[in-house]
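Worksheet: one structure, shown below.
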Amino acid sequence: MTRDEFDAYCGAMKGTTHVIQWGDASVWKVGDKIFAICSTEDCETGSARFSFKCSDMAYEILTGEPGFIPAPYLARAKWVQLQSPDAMSDADLKLHLDAAYEIIARKLTRKVKAELGLDF
């Protein structure tokens, strides 16, 4: 998945906002809470690095897989970073982005969910 594809996919989710932070990172939020980040492209491989929130179980599984690490600065909150584009298919990455969005969206207040038109 390219950064543009990542941005298009996250941008299609209901109630999301996008900002560029921390240099050139593409940061996606729902209700002002971050659920996914695309770091600037790795100079050595030319590929983007994707970080996302995940469940406790997904965190344990993914951090044990090749191509994944606990996300820098966010690992304590159960975030992972996909460091190798070959470690996960685009379809699987999309499923994890959907799960990250839902995990964060479910934690929003009822008021914020209503303002965003979310029915979680």
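So you can find residues: chains in the structure tokens are A, B, ... in the order shown, residues in each start at 1, and ligands are numbered from 1 in order.
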Requested in this report: Within 10 Å of stretch 59-73 of chain A, counting only C-alpha atoms, which residues show up once you throw out same-chain ones fewer than 5 positions away? Write them as a PyMOL selection string, please.
Outcome: chain A and resi 49-54+78-88
Store the residues picked out above in a file with C-alpha atoms, as a compact mmCIF listing (two decimals), in the first residue's frame.
```txt
# COMPACT_ATOMS: atom_id res chain seq x y z
CA ARG A 49 5.81 2.69 7.43
CA PHE A 50 2.33 2.24 8.80
CA SER A 51 1.47 2.38 12.51
CA PHE A 52 -1.92 1.63 13.98
CA LYS A 53 -3.76 0.95 17.21
CA CYS A 54 -4.70 -2.67 17.80
CA LYS A 78 -0.81 -1.26 22.03
CA TRP A 79 0.27 0.23 18.71
CA VAL A 80 2.34 -1.64 16.13
CA GLN A 81 4.40 -0.47 13.19
CA LEU A 82 4.56 -2.34 9.91
CA GLN A 83 8.18 -1.93 8.83
CA SER A 84 8.27 -4.26 5.85
CA PRO A 85 5.72 -3.92 3.06
CA ASP A 86 5.99 -7.67 2.43
CA ALA A 87 4.93 -8.54 5.99
CA MET A 88 1.21 -7.96 5.33
```
Report task. Write down as a ChimeraX atom specification the residues of stretch 6-115 of chain A whose backbone DSSP state falls under strand (DSSP E or B). Result -> /A:16-21,25-30,33-39,49-53,68-70,79-82
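When only C-alpha atoms are used to compute distances to A:Ala105, the closest of the residues A:Met57, A:Leu74, A:Met13, A:Val27 turns out to be A:Met13.
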Report summary line: If you count only C-alpha atoms, the residue of A:Leu118, A:Ala25, A:Ala12, A:Ala48 closest to A:Leu97 turns out to be A:Ala12
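Residues in contact with stretch 99-103 of chain A at 9 Å, where only C-alpha atoms are counted and same-chain residues fewer than 4 positions away are skipped, are listed as A:Cys10, A:Met13, A:Thr16, A:Lys29, A:Val30, A:Ile34, A:Phe35, A:Ala36, A:Phe52, A:Lys53, A:Cys54, A:Ser55, A:Lys94, A:Leu95, A:Lys107, A:Phe120.
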Output of the above residues as a JSON list (two decimals), in the first residue's frame, restricted to N, CA, C and O atoms:
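File produced: part.json:
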```
[["chain", "number", "residue", "atom", "x", "y", "z"],
["A", 10, "CYS", "N", -8.16, 5.72, 4.61],
["A", 10, "CYS", "CA", -8.54, 6.31, 5.91],
["A", 10, "CYS", "C", -9.50, 7.48, 5.73],
["A", 10, "CYS", "O", -10.40, 7.68, 6.54],
["A", 13, "MET", "N", -13.28, 6.80, 5.71],
["A", 13, "MET", "CA", -13.95, 6.39, 6.95],
["A", 13, "MET", "C", -14.73, 7.57, 7.53],
["A", 13, "MET", "O", -14.27, 8.71, 7.49],
["A", 16, "THR", "N", -13.52, 11.04, 9.94],
["A", 16, "THR", "CA", -12.07, 11.12, 10.12],
["A", 16, "THR", "C", -11.55, 12.50, 9.73],
["A", 16, "THR", "O", -12.14, 13.21, 8.92],
["A", 29, "LYS", "N", -7.23, 10.70, 12.34],
["A", 29, "LYS", "CA", -7.93, 10.77, 13.62],
["A", 29, "LYS", "C", -9.42, 10.58, 13.42],
["A", 29, "LYS", "O", -9.96, 10.89, 12.36],
["A", 30, "VAL", "N", -10.06, 10.12, 14.47],
["A", 30, "VAL", "CA", -11.51, 10.13, 14.55],
["A", 30, "VAL", "C", -11.83, 10.77, 15.90],
["A", 30, "VAL", "O", -11.30, 10.34, 16.93],
["A", 34, "ILE", "N", -6.08, 9.77, 17.52],
["A", 34, "ILE", "CA", -5.33, 9.12, 16.44],
["A", 34, "ILE", "C", -5.61, 7.62, 16.40],
["A", 34, "ILE", "O", -5.61, 6.96, 17.43],
["A", 35, "PHE", "N", -5.82, 7.10, 15.18],
["A", 35, "PHE", "CA", -5.97, 5.66, 15.02],
["A", 35, "PHE", "C", -4.97, 5.07, 14.04],
["A", 35, "PHE", "O", -4.72, 3.86, 14.06],
["A", 36, "ALA", "N", -4.35, 5.88, 13.18],
["A", 36, "ALA", "CA", -3.37, 5.35, 12.22],
["A", 36, "ALA", "C", -2.42, 6.45, 11.77],
["A", 36, "ALA", "O", -2.80, 7.62, 11.68],
["A", 52, "PHE", "N", -0.50, 1.60, 13.66],
["A", 52, "PHE", "CA", -1.92, 1.63, 13.98],
["A", 52, "PHE", "C", -2.18, 1.03, 15.35],
["A", 52, "PHE", "O", -1.41, 0.21, 15.86],
["A", 53, "LYS", "N", -3.28, 1.47, 15.94],
["A", 53, "LYS", "CA", -3.76, 0.95, 17.21],
["A", 53, "LYS", "C", -4.30, -0.45, 16.97],
["A", 53, "LYS", "O", -4.88, -0.73, 15.92],
["A", 54, "CYS", "N", -4.13, -1.33, 17.94],
["A", 54, "CYS", "CA", -4.70, -2.67, 17.80],
["A", 54, "CYS", "C", -5.14, -3.21, 19.15],
["A", 54, "CYS", "O", -4.82, -2.65, 20.20],
["A", 55, "SER", "N", -5.87, -4.29, 19.10],
["A", 55, "SER", "CA", -6.34, -4.94, 20.33],
["A", 55, "SER", "C", -5.14, -5.57, 21.04],
["A", 55, "SER", "O", -4.07, -5.75, 20.46],
["A", 94, "LYS", "N", -5.79, -3.22, 5.54],
["A", 94, "LYS", "CA", -7.08, -2.52, 5.59],
["A", 94, "LYS", "C", -7.95, -3.05, 6.72],
["A", 94, "LYS", "O", -8.64, -2.28, 7.40],
["A", 95, "LEU", "N", -7.94, -4.36, 6.94],
["A", 95, "LEU", "CA", -8.71, -4.93, 8.05],
["A", 95, "LEU", "C", -8.20, -4.39, 9.40],
["A", 95, "LEU", "O", -8.99, -4.08, 10.29],
["A", 107, "LYS", "N", -14.33, 4.42, 21.92],
["A", 107, "LYS", "CA", -13.94, 5.08, 23.16],
["A", 107, "LYS", "C", -14.40, 6.54, 23.24],
["A", 107, "LYS", "O", -14.27, 7.16, 24.28],
["A", 120, "PHE", "N", -21.73, 3.46, 16.94],
["A", 120, "PHE", "CA", -21.10, 2.38, 17.73],
["A", 120, "PHE", "C", -21.74, 2.32, 19.08],
["A", 120, "PHE", "O", -22.04, 3.27, 19.71]]
```
Query raised in the report: Got a sec: who's within 12 Å of A:Asp4, counting only C-alpha atoms, leaving out chain neighbours fewer than 6 positions off, as a list in words?
Result: Cys10, Gly11, Ser26, Cys38, Thr40, Glu41, Ser47 and Ala48 of chain A
Requested in this report: Could you tell me which of A:Ala58, A:Ala77, A:Ile20, A:Ala8 comes closest to A:Ile104 if we count only C-alpha atoms?
Outcome: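 Comparing A:Ala58, A:Ala77, A:Ile20, A:Ala8 against A:Ile104, the winner is A:Ala77.
Our summary of the geometry notes that atom CA of A:Glu115 is positioned 28.3 Å from atom CA of A:Arg3.
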